[in-house]
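As provided, upload-v9.txt (compact mmCIF, C-alpha atoms and all ligand atoms) reads as follows.
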# COMPACT_ATOMS: atom_id res chain seq x y z
CA MET A 1 0.00 0.00 0.00
CA ARG A 2 1.19 3.54 -0.71
CA ILE A 3 1.03 5.38 2.62
CA THR A 4 1.86 9.00 3.43
CA VAL A 5 2.64 9.75 7.05
CA LEU A 6 1.30 13.27 7.58
CA THR A 7 2.69 15.27 10.47
CA TYR A 8 2.89 18.79 11.84
CA VAL A 9 6.36 20.31 12.06
CA GLU A 10 7.24 23.14 14.38
CA GLY A 11 9.15 26.24 13.53
CA LYS A 12 9.41 26.42 9.80
CA GLU A 13 7.75 24.99 6.76
CA ARG A 14 10.45 22.66 5.54
CA SER A 15 11.63 21.43 8.89
CA THR A 16 12.40 17.74 9.08
CA GLU A 17 12.63 17.75 12.85
CA TYR A 18 9.85 15.30 13.40
CA ASP A 19 8.48 14.08 16.67
CA PRO A 20 10.04 10.65 17.37
CA VAL A 21 6.71 8.93 16.71
CA VAL A 22 6.94 9.80 13.00
CA MET A 23 9.98 7.66 12.20
CA GLN A 24 8.74 4.92 14.50
CA VAL A 25 5.50 4.69 12.53
CA VAL A 26 7.38 4.95 9.22
CA ARG A 27 9.70 2.08 10.16
CA ALA A 28 6.82 -0.06 11.37
CA LEU A 29 4.94 0.52 8.11
CA ARG A 30 8.01 -0.22 5.99
CA ARG A 31 8.53 -3.44 7.90
CA GLN A 32 5.05 -4.45 6.88
CA GLY A 33 6.04 -3.90 3.25
CA HIS A 34 4.31 -0.58 2.60
CA GLN A 35 5.69 2.12 0.36
CA VAL A 36 5.97 5.03 2.78
CA ALA A 37 6.52 8.77 2.34
CA ILE A 38 6.50 11.51 4.97
CA LEU A 39 4.80 14.86 4.56
CA GLY A 40 5.71 17.40 7.22
CA VAL A 41 3.45 20.45 7.27
CA HIS A 42 3.54 23.66 9.25
CA ALA A 43 1.24 26.42 8.01
CA ASP A 44 1.20 26.44 4.20
CA VAL A 45 -1.92 24.75 2.95
CA LYS A 46 -0.77 24.94 -0.67
CA ARG A 47 2.24 22.82 0.23
CA VAL A 48 -0.06 20.30 1.87
CA LEU A 49 -2.16 20.06 -1.27
CA ALA A 50 0.85 19.80 -3.57
CA GLY A 51 2.55 17.26 -1.31
CA LEU A 52 -0.50 15.04 -1.20
CA GLN A 53 -1.13 15.35 -4.91
CA ARG A 54 2.45 14.34 -5.67
CA ARG A 55 2.44 11.36 -3.31
CA ARG A 56 -1.07 10.15 -4.21
CA PRO A 57 -1.39 7.89 -1.18
CA ASP A 58 -3.81 5.00 -0.86
CA LEU A 59 -3.95 5.95 2.81
CA VAL A 60 -2.76 8.88 4.91
CA PHE A 61 -1.41 7.87 8.31
CA ASN A 62 -2.51 11.00 10.09
CA LEU A 63 -0.27 12.20 12.93
CA VAL A 64 -1.20 15.88 12.62
CA GLU A 65 -2.01 17.49 15.97
CA MET A 66 -2.06 21.10 14.92
CA PHE A 67 -1.58 23.34 11.91
CA ALA A 68 -0.46 26.92 11.64
CA GLU A 69 -0.30 27.04 15.44
CA ASN A 70 -4.06 26.92 15.36
CA MET A 71 -5.78 24.97 18.09
CA PHE A 72 -8.35 23.69 15.61
CA GLY A 73 -5.73 23.04 12.93
CA ASP A 74 -5.85 19.25 13.22
CA ILE A 75 -9.63 19.36 12.83
CA ALA A 76 -9.36 21.49 9.70
CA MET A 77 -6.69 19.15 8.32
CA GLU A 78 -9.02 16.18 8.71
CA GLY A 79 -11.72 18.16 6.91
CA LEU A 80 -9.28 18.93 4.13
CA LEU A 81 -8.41 15.24 3.75
CA ASP A 82 -12.14 14.49 3.56
CA LEU A 83 -12.65 17.13 0.88
CA LEU A 84 -9.74 15.73 -1.09
CA GLY A 85 -11.38 12.33 -0.93
CA LEU A 86 -8.36 10.82 0.80
CA LYS A 87 -8.58 7.96 3.24
CA TYR A 88 -6.84 8.51 6.55
CA THR A 89 -6.32 6.91 9.93
CA GLY A 90 -8.10 8.10 13.06
CA CYS A 91 -10.96 10.48 13.67
CA GLY A 92 -12.59 12.87 11.24
CA PRO A 93 -13.24 16.54 12.04
CA GLY A 94 -16.54 15.96 13.84
CA GLU A 95 -15.24 13.33 16.22
CA SER A 96 -12.09 15.32 16.92
CA TYR A 97 -14.16 18.36 17.80
CA LEU A 98 -16.30 16.34 20.19
CA THR A 99 -13.44 14.69 22.00
CA GLN A 100 -11.25 17.76 22.26
CA ASP A 101 -13.94 19.82 23.94
CA LYS A 102 -13.90 18.27 27.38
CA ALA A 103 -17.25 19.81 28.38
CA LEU A 104 -19.07 18.73 25.25
CA SER A 105 -17.63 15.24 25.77
CA LYS A 106 -19.12 15.09 29.27
CA LYS A 107 -22.54 15.99 27.94
CA LEU A 108 -22.39 12.96 25.65
CA LEU A 109 -21.06 10.73 28.41
CA ALA A 110 -24.03 11.82 30.54
CA PHE A 111 -26.47 10.50 27.96
CA HIS A 112 -24.77 7.13 28.14
CA GLY A 113 -24.76 7.07 31.93
CA ILE A 114 -20.97 7.25 32.17
CA LEU A 115 -19.59 9.04 35.25
CA TYR A 116 -17.48 12.17 34.85
CA PRO A 117 -16.43 14.88 37.31
CA ARG A 118 -19.05 17.59 37.75
CA PHE A 119 -17.84 20.74 36.09
CA ALA A 120 -18.22 24.38 35.16
CA VAL A 121 -16.93 26.10 32.03
CA PHE A 122 -15.53 29.62 32.15
CA ALA A 123 -15.54 30.68 28.52
CA ARG A 124 -13.52 33.67 27.42
CA ASP A 125 -16.32 35.24 25.53
CA ALA A 126 -19.55 33.82 26.92
CA ASP A 127 -21.40 33.39 30.15
CA PHE A 128 -20.28 31.10 32.88
CA GLU A 129 -21.86 27.69 32.39
CA THR A 130 -22.26 25.14 35.13
CA GLY A 131 -23.09 21.49 35.19
CA GLY A 132 -24.48 21.47 38.72
CA ASN A 133 -23.42 22.38 42.24
CA LEU A 134 -19.71 22.04 42.53
CA ARG A 135 -17.86 21.06 45.63
CA MET A 136 -14.33 22.19 46.42
CA PRO A 137 -11.60 21.18 45.87
CA LEU A 138 -11.76 21.82 42.15
CA PHE A 139 -9.29 21.04 39.43
CA VAL A 140 -8.91 23.80 36.85
CA LYS A 141 -7.65 23.02 33.38
CA PRO A 142 -7.94 24.30 29.84
CA LEU A 143 -11.10 23.18 28.02
CA ARG A 144 -9.36 21.92 24.90
CA THR A 145 -5.60 22.12 25.22
CA ASP A 146 -4.13 18.72 26.00
CA ALA A 147 -0.84 17.05 26.96
CA SER A 148 -1.12 18.49 30.49
CA ILE A 149 -0.41 21.95 29.11
CA GLY A 150 -1.80 24.48 31.58
CA ILE A 151 -1.93 21.90 34.35
CA ARG A 152 0.20 22.89 37.33
CA ARG A 153 0.40 22.33 41.02
CA ASN A 154 -1.98 25.26 41.55
CA SER A 155 -4.57 23.67 39.23
CA LEU A 156 -6.00 22.13 42.38
CA VAL A 157 -7.89 24.92 44.12
CA THR A 158 -9.73 25.05 47.41
CA ASP A 159 -11.17 28.56 47.37
CA MET A 160 -12.94 30.93 45.02
CA LYS A 161 -10.10 33.40 44.75
CA SER A 162 -7.55 30.86 43.54
CA LEU A 163 -10.16 29.41 41.21
CA MET A 164 -10.66 32.76 39.53
CA ARG A 165 -6.90 33.34 39.34
CA ARG A 166 -6.37 30.01 37.55
CA VAL A 167 -9.28 30.74 35.20
CA ALA A 168 -7.79 34.11 34.26
CA THR A 169 -4.35 32.58 33.64
CA ILE A 170 -5.81 29.95 31.33
CA HIS A 171 -7.70 32.65 29.43
CA ASP A 172 -4.66 34.87 29.12
CA GLU A 173 -1.83 32.42 28.60
CA LEU A 174 -3.48 29.67 26.59
CA ASN A 175 -6.23 31.63 24.92
CA ASP A 176 -8.57 28.80 25.88
CA SER A 177 -11.71 28.53 28.00
CA ALA A 178 -11.21 27.16 31.49
CA LEU A 179 -12.84 24.02 32.82
CA ALA A 180 -13.23 23.61 36.58
CA GLU A 181 -13.97 20.05 37.64
CA GLU A 182 -14.53 18.40 40.97
CA TYR A 183 -11.27 16.84 42.00
CA ILE A 184 -11.50 13.06 41.90
CA GLU A 185 -9.22 11.53 44.48
CA GLY A 186 -8.11 8.06 43.57
CA ARG A 187 -6.05 5.79 41.34
CA GLU A 188 -5.56 6.91 37.74
CA PHE A 189 -5.72 4.62 34.71
CA TYR A 190 -5.25 4.90 30.95
CA VAL A 191 -7.15 2.41 28.84
CA GLY A 192 -6.32 2.08 25.15
CA VAL A 193 -9.14 1.09 22.82
CA LEU A 194 -8.81 -0.25 19.28
CA GLY A 195 -11.52 -0.75 16.69
CA ASN A 196 -14.64 0.60 15.04
CA TYR A 197 -17.59 -1.73 14.83
CA ASP A 198 -16.47 -3.93 17.67
CA PRO A 199 -13.83 -2.03 19.66
CA ILE A 200 -11.64 -3.85 22.15
CA ALA A 201 -9.98 -2.43 25.26
CA LEU A 202 -6.30 -3.07 25.93
CA PRO A 203 -4.99 -3.90 29.42
CA PRO A 204 -5.21 -0.82 31.70
CA ILE A 205 -2.08 1.16 32.44
CA GLU A 206 -1.86 2.77 35.88
CA LEU A 207 -0.19 6.06 36.67
CA ASP A 208 1.90 5.25 39.68
CA PHE A 209 2.31 8.41 41.78
CA SER A 210 3.99 6.68 44.69
CA GLY A 211 7.35 8.32 43.97
CA LEU A 212 6.02 11.84 44.52
CA PRO A 213 7.18 13.72 47.59
CA GLU A 214 4.85 13.67 50.58
CA GLY A 215 1.91 16.06 50.24
CA MET A 216 2.22 16.63 46.50
CA PRO A 217 -1.13 16.12 44.74
CA HIS A 218 -1.31 12.91 42.73
CA VAL A 219 -1.86 14.44 39.30
CA LEU A 220 -0.08 14.30 35.99
CA ASP A 221 0.70 17.98 35.58
CA SER A 222 2.91 19.52 32.91
CA LYS A 223 6.07 19.05 34.97
CA ALA A 224 5.30 15.38 35.51
CA LYS A 225 4.86 14.99 31.79
CA TRP A 226 7.63 17.14 30.39
CA ASP A 227 10.24 18.33 32.88
CA GLU A 228 12.64 15.41 33.19
CA ASN A 229 14.53 16.97 36.07
CA SER A 230 11.51 17.68 38.23
CA ALA A 231 10.36 15.73 41.30
CA GLU A 232 6.98 15.43 39.56
CA TYR A 233 8.52 13.67 36.52
CA LYS A 234 10.75 11.43 38.56
CA GLY A 235 7.99 10.56 41.01
CA THR A 236 5.43 9.30 38.49
CA LYS A 237 5.51 6.39 36.11
CA ALA A 238 3.14 4.44 33.91
CA VAL A 239 2.94 0.75 34.74
CA LEU A 240 0.82 -2.15 33.64
CA ALA A 241 -2.02 -2.12 36.20
CA ASP A 242 -2.21 -4.99 38.63
CA LEU A 243 -5.96 -5.48 39.08
CA PRO A 244 -8.46 -8.16 40.00
CA ASP A 245 -10.17 -9.47 36.83
CA GLU A 246 -13.53 -7.98 37.71
CA LEU A 247 -12.19 -4.47 38.22
CA ARG A 248 -10.07 -4.68 35.07
CA ALA A 249 -13.17 -5.69 33.11
CA LYS A 250 -15.13 -2.81 34.63
CA LEU A 251 -12.49 -0.25 33.66
CA GLN A 252 -12.37 -1.68 30.16
CA LYS A 253 -16.13 -1.62 29.78
CA VAL A 254 -16.41 2.02 30.87
CA SER A 255 -13.61 2.86 28.43
CA VAL A 256 -15.22 1.15 25.48
CA ASP A 257 -18.55 2.78 26.35
CA ALA A 258 -16.90 6.23 26.46
CA TYR A 259 -15.02 5.55 23.21
CA ARG A 260 -18.25 4.59 21.50
CA ALA A 261 -20.21 7.48 23.01
CA LEU A 262 -17.72 9.93 21.50
CA ARG A 263 -17.60 8.02 18.22
CA VAL A 264 -13.86 7.57 18.25
CA ARG A 265 -12.53 5.89 15.12
CA ASP A 266 -9.71 3.33 14.82
CA TYR A 267 -7.86 3.97 18.10
CA GLY A 268 -7.92 6.10 21.22
CA ARG A 269 -7.17 6.20 24.90
CA VAL A 270 -9.49 6.87 27.82
CA ASP A 271 -8.14 8.51 31.00
CA LEU A 272 -10.00 7.46 34.14
CA ARG A 273 -9.97 7.71 37.90
CA LEU A 274 -11.18 5.11 40.36
CA THR A 275 -12.37 6.27 43.79
CA ASP A 276 -12.06 4.38 47.07
CA THR A 277 -15.74 3.59 46.83
CA GLY A 278 -15.23 1.88 43.48
CA ASP A 279 -16.72 4.55 41.21
CA ILE A 280 -15.04 4.98 37.84
CA TYR A 281 -14.89 8.50 36.41
CA VAL A 282 -13.85 9.33 32.86
CA LEU A 283 -11.47 12.31 32.86
CA GLU A 284 -11.12 12.53 29.11
CA VAL A 285 -11.15 10.55 25.89
CA ASN A 286 -8.13 11.00 23.65
CA ALA A 287 -9.09 10.17 20.09
CA SER A 288 -6.07 9.32 17.91
CA CYS A 289 -3.86 9.22 21.00
CA TYR A 290 -0.08 9.45 20.95
CA LEU A 291 1.38 6.40 19.25
CA ALA A 292 5.07 6.45 20.05
CA ARG A 293 6.74 3.16 20.87
CA ASP A 294 7.10 4.16 24.52
CA SER A 295 3.58 5.59 24.82
CA GLU A 296 1.13 4.09 27.26
CA PHE A 297 -0.97 2.98 24.29
CA ALA A 298 1.85 0.98 22.69
CA MET A 299 2.81 -0.36 26.11
CA ALA A 300 -0.74 -1.63 26.64
CA ALA A 301 -0.84 -3.14 23.15
CA ALA A 302 2.43 -4.98 23.84
CA ALA A 303 0.92 -6.33 27.05
CA ALA A 304 -1.99 -7.61 24.97
CA GLY A 305 0.46 -9.44 22.71
CA ILE A 306 0.42 -6.85 19.91
CA PRO A 307 3.97 -5.77 19.11
CA TYR A 308 4.53 -2.27 17.74
CA PRO A 309 4.65 -3.00 13.98
CA ALA A 310 1.51 -5.14 14.31
CA LEU A 311 -0.21 -2.34 16.21
CA ILE A 312 0.54 0.18 13.48
CA GLN A 313 -0.61 -2.32 10.85
CA ARG A 314 -3.78 -2.91 12.86
CA ILE A 315 -4.58 0.81 12.67
CA VAL A 316 -4.03 0.73 8.90
CA ASP A 317 -6.36 -2.27 8.63
CA LEU A 318 -9.01 -0.65 10.80
CA ALA A 319 -9.01 2.54 8.73
CA THR A 320 -9.03 0.63 5.45
CA ASP A 321 -11.86 -1.60 6.59
CA ARG A 322 -13.84 1.40 7.82
CA TYR A 323 -13.70 3.03 4.39
CA ARG A 324 -14.46 -0.27 2.70
CA ARG A 325 -17.63 -0.58 4.76
CA GLY A 326 -18.93 2.86 3.89
CA SER A 327 -18.33 6.50 4.46
CA GLY A 328 -16.08 6.02 7.43
CA LEU A 329 -18.96 6.82 9.72
CA ARG A 330 -20.17 4.16 12.06
CA LYS A 331 -23.76 3.33 12.80
CA SER A 332 -25.32 5.62 15.32
CA ALA A 333 -25.18 3.97 18.73
CA GLU A 334 -28.56 5.33 19.80
CA THR A 335 -30.76 4.49 16.88
CA GLY A 336 -28.85 1.86 15.02
CA LYS A 337 -29.46 3.91 11.89
CA LYS A 338 -26.68 4.75 9.52
CA PRO A 339 -26.00 8.48 9.64
CA SER A 340 -26.16 10.50 6.46
CA GLU A 341 -23.18 10.24 4.18
CA ASN A 342 -22.24 13.85 4.79
CA GLY A 343 -21.00 13.75 7.71
CA LYS A 344 -13.44 13.66 13.04
CA LYS A 345 -2.17 11.38 23.03
CA GLY A 346 6.22 1.77 28.40
CA GLY A 347 9.15 1.38 26.47
CA GLU A 348 11.53 2.93 28.83
CA ALA A 349 9.22 1.25 31.29
CA GLY A 350 6.49 3.66 31.14
CA LYS A 351 7.71 7.17 31.12
CA LYS A 352 5.05 9.65 30.29
CA SER A 353 4.41 10.64 26.76
CA SER A 354 2.17 13.31 25.44
CA ASP A 355 -1.33 12.15 24.63
CA ASP A 356 -1.96 13.87 21.71
CA GLY A 357 -0.18 16.78 22.72
CA LYS A 358 0.85 19.87 20.95
CA LYS A 359 4.24 18.44 21.46
CA SER A 360 7.40 20.36 21.15
CA ALA A 361 10.05 19.09 18.87
CA GLU A 362 12.48 19.00 21.76
CA ALA A 363 12.94 15.28 21.55
CA ALA A 364 12.50 15.11 17.85
CA LYS A 365 15.05 13.41 15.73
CA LYS A 366 16.45 14.91 12.57
CA THR A 367 15.36 12.85 9.68
CA ALA A 368 15.07 13.42 5.99
CA GLU A 369 11.76 14.04 4.35
CA ASP A 370 11.29 11.75 1.41
N1 LIG B 1 -11.11 16.15 37.80
C1 LIG B 1 -9.89 15.70 38.07
N2 LIG B 1 -9.63 15.10 39.26
C2 LIG B 1 -8.39 14.64 39.56
N3 LIG B 1 -7.34 14.75 38.72
C3 LIG B 1 -7.53 15.33 37.52
C4 LIG B 1 -8.81 15.82 37.13
N4 LIG B 1 -8.69 16.32 35.88
C5 LIG B 1 -7.41 16.16 35.52
N5 LIG B 1 -6.70 15.57 36.50
C6 LIG B 1 -5.24 15.27 36.47
O1 LIG B 1 -4.64 16.05 35.43
C7 LIG B 1 -4.14 15.20 34.39
C8 LIG B 1 -4.40 15.81 33.03
O2 LIG B 1 -5.78 16.01 32.86
P1 LIG B 1 -6.53 15.60 31.54
O3 LIG B 1 -7.95 16.00 31.70
O4 LIG B 1 -6.27 14.17 31.22
O5 LIG B 1 -5.86 16.58 30.48
P2 LIG B 1 -4.78 16.39 29.32
O6 LIG B 1 -5.58 16.51 28.07
O7 LIG B 1 -3.84 17.52 29.50
O8 LIG B 1 -4.16 15.02 29.50
C9 LIG B 1 -4.83 13.88 34.59
O9 LIG B 1 -4.02 12.85 34.07
C10 LIG B 1 -4.98 13.82 36.11
O10 LIG B 1 -3.78 13.42 36.75
MG MG B 2 -5.08 13.16 29.79
For the structure just supplied, provide its representation as structure tokens.
Amino acid sequence: MRITVLTYVEGKERSTEYDPVVMQVVRALRRQGHQVAILGVHADVKRVLAGLQRRRPDLVFNLVEMFAENMFGDIAMEGLLDLLGLKYTGCGPGESYLTQDKALSKKLLAFHGILYPRFAVFARDADFETGGNLRMPLFVKPLRTDASIGIRRNSLVTDMKSLMRRVATIHDELNDSALAEEYIEGREFYVGVLGNYDPIALPPIELDFSGLPEGMPHVLDSKAKWDENSAEYKGTKAVLADLPDELRAKLQKVSVDAYRALRVRDYGRVDLRLTDTGDIYVLEVNASCYLARDSEFAMAAAAAGIPYPALIQRIVDLATDRYRRGSGLRKSAETGKKPSENGKKGGEAGKKSSDDGKKSAEAAKKTAED
């Protein structure tokens, strides 16, 4: 198959400083015998069009997480691929929009009876919106921005004044709405899900916070994710969860339910918390989650007996099969009717990787664009 791996590049248009995941996916695809090209894009849509026209892929392996430093850039890119009539892996623009808006996601989870933290949205340009009476402490995070960006130690607030301060910082620094959620104390899990018509959940990965200094909140903030020298980074690790069968099955069921509720395509990862009383809360659903070899998703796949090249091939097969069956849209879960044709973030034993993050190229390897 002729496959183009499409990726965002930081800095300048012709940069070949790709995130490490790009070459890992390329190698995996080549090992499976595919003819693979890379297209790195930054902000020039004409280059995207020309690059795709020249490569004429049978399938685009879509790793784009942003475009033109626009928060909705990945969504627009998926729309562009749709308009070009190209087949691609992962979600389309509609599904991406739903999953990236953490408040909209919760409203869909509610319909399906899936638990989520109660919340309030503080939009930049609209009225305050609340989902019920909130109880302190609250956890304040950006509505859409992912990869723990904007999540700091002071994201956990216990009074109104600090809440409003965090909200204002998110508005000003990230240009995003703020989401205040009830803080869910408990163990944290990531569950990878693969599939379309009959999705399966991979073994849960647990975020082990036991290495954090005494008194530090057990959360995966931006330091824990990115700052290798910090106590937060050193004190947290992702491990294969050790769980009784029944609880593992429960976490997997909630994850598949949430994945379906948000119409995720091909692959994704659900972030959850489990309270002492046994309640499972969905924190977020990451459609088209980060796929690096040392990501929690790949780690979970390996634990399920799916080595990395087979995992990447599985995603290719899922996307191909989805297009073969129809428009790429799945049957509506509620009505069973087919929707109209018109219709979109281990290895080194479980260090954290971005979900789906607007990742920096800091760790990116220099490779040649072909
Ligand atoms: N309501 C919450 N209660 C407890 N911890 C939370 C809550 N929301 C987020 N967190 C912590 O912050 C981390 C990042 O939040 P998440 O919603 O997954 O955003 P991101 O898209 O940045 O990964 C989570 O992994 C978890 O540790
Ligand atoms: Mg997350």
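Taking only C-alpha atoms and all ligand atoms into account, the protein and nucleic acid residues that come at most 7 Å from ligand LIG 1 (chain B) are Pro117, Phe139, Thr145, Asp146, Ala147, Ser148, Ile149, Ile151, Glu181, Glu182, Tyr183, Ile184, Glu185, Glu188, His218, Val219, Leu220, Asp221, Asp271, Leu283, Glu284 and Asp355 of chain A.
The closest residue to ligand MG 2 (chain B), picked from A:Asn154, A:Thr236, A:Gln100, A:Gln35 and counting only C-alpha atoms and all ligand atoms, is A:Gln100.
Nearest to Leu138 of chain A of all the residues A:Ile200, A:Leu179, A:Val285, A:Ile170 is A:Leu179, based on only C-alpha atoms.
Distance-wise, atom CA of Glu78 of chain A and atom CA of Leu194 of chain A end up 19.5 Å apart.
Residue nearest ligand MG 2 (chain B) within the list A:Gly305, A:Gly215, A:Gly186, A:Gly150: A:Gly150 [criterion: smallest interatomic distance, all atoms listed in the file].
Separating atom CA of Arg2 of chain A from atom CA of Tyr267 of chain A is a distance of 20.9 Å.
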For Tyr259 of chain A, list every protein, DNA or RNA residue within 10 Å, evaluated using all atoms listed in the file, and leave out those in the same chain fewer than 3 positions away; present the list as a PDB file with C-alpha atoms, keeping the file's coordinate frame.
ATOM      1  CA  THR A  99     -13.440  14.690  22.000  1.00  0.00           C
ATOM      2  CA  LEU A 109     -21.060  10.730  28.410  1.00  0.00           C
ATOM      3  CA  GLY A 192      -6.320   2.080  25.150  1.00  0.00           C
ATOM      4  CA  VAL A 193      -9.140   1.090  22.820  1.00  0.00           C
ATOM      5  CA  LEU A 194      -8.810  -0.250  19.280  1.00  0.00           C
ATOM      6  CA  GLY A 195     -11.520  -0.750  16.690  1.00  0.00           C
ATOM      7  CA  ASN A 196     -14.640   0.600  15.040  1.00  0.00           C
ATOM      8  CA  PRO A 199     -13.830  -2.030  19.660  1.00  0.00           C
ATOM      9  CA  ALA A 201      -9.980  -2.430  25.260  1.00  0.00           C
ATOM     10  CA  LYS A 253     -16.130  -1.620  29.780  1.00  0.00           C
ATOM     11  CA  VAL A 254     -16.410   2.020  30.870  1.00  0.00           C
ATOM     12  CA  SER A 255     -13.610   2.860  28.430  1.00  0.00           C
ATOM     13  CA  VAL A 256     -15.220   1.150  25.480  1.00  0.00           C
ATOM     14  CA  LEU A 262     -17.720   9.930  21.500  1.00  0.00           C
ATOM     15  CA  ARG A 263     -17.600   8.020  18.220  1.00  0.00           C
ATOM     16  CA  VAL A 264     -13.860   7.570  18.250  1.00  0.00           C
ATOM     17  CA  ARG A 265     -12.530   5.890  15.120  1.00  0.00           C
ATOM     18  CA  TYR A 267      -7.860   3.970  18.100  1.00  0.00           C
ATOM     19  CA  GLY A 268      -7.920   6.100  21.220  1.00  0.00           C
ATOM     20  CA  ARG A 269      -7.170   6.200  24.900  1.00  0.00           C
ATOM     21  CA  VAL A 270      -9.490   6.870  27.820  1.00  0.00           C
ATOM     22  CA  GLU A 284     -11.120  12.530  29.110  1.00  0.00           C
ATOM     23  CA  VAL A 285     -11.150  10.550  25.890  1.00  0.00           C
ATOM     24  CA  ASN A 286      -8.130  11.000  23.650  1.00  0.00           C
ATOM     25  CA  ALA A 287      -9.090  10.170  20.090  1.00  0.00           C
TER      26      ALA A 287
END
With all atoms of segment 30-35 of chain A from the file as input, state the centre and edge lengths in Å to one decimal of the axis-aligned box that has 4 Å extra on each side, as JSON.
{"center_x": 6.4, "center_y": -1.2, "center_z": 4.1, "size_x": 12.2, "size_y": 14.6, "size_z": 15.5}
Residue among A:Met1, A:Leu143, A:Leu104, A:Val26 lying closest to ligand MG 2 (chain B), counting only C-alpha atoms and all ligand atoms: A:Leu143
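The interatomic distance for the pair atom CA of Thr277 of chain A and atom CA of Ala238 of chain A works out to 22.9 Å.
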Under the rule that all atoms listed in the file are counted, which of A:Gln252, A:Asn175, A:Ser210, A:Thr320 is the nearest residue to Tyr233 of chain A? A:Ser210
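Distances here use all atoms listed in the file; by that measure, the residue among A:Val316, A:Ala180, A:Ala249, A:Ala110 closest to Val140 of chain A is A:Ala180.
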Shell around Ile280 of chain A at 9 Å using all atoms listed in the file, local window under 4 positions removed, as a list in words: Ile114, Leu115, Tyr116, Lys250, Leu251, Val254, Leu272, Arg273, Leu274 and Thr275 of chain A
Counting all atoms listed in the file, which residues sit no farther than 6 Å from the position (5.5, 14.7, 7.5) in the file's frame? I'd like them as a PDB file with C-alpha atoms, keeping the file's coordinate frame.
ATOM      1  CA  VAL A   5       2.640   9.750   7.050  1.00  0.00           C
ATOM      2  CA  LEU A   6       1.300  13.270   7.580  1.00  0.00           C
ATOM      3  CA  THR A   7       2.690  15.270  10.470  1.00  0.00           C
ATOM      4  CA  ILE A  38       6.500  11.510   4.970  1.00  0.00           C
ATOM      5  CA  LEU A  39       4.800  14.860   4.560  1.00  0.00           C
ATOM      6  CA  GLY A  40       5.710  17.400   7.220  1.00  0.00           C
TER       7      GLY A  40
END
List the residues sitting within 12 Å of (8.4, 7.0, 3.5) in the file's frame, using all atoms listed in the file, as a ChimeraX atom specification. /A:1-6,22-31,33-40,55,57,60-61,367-370
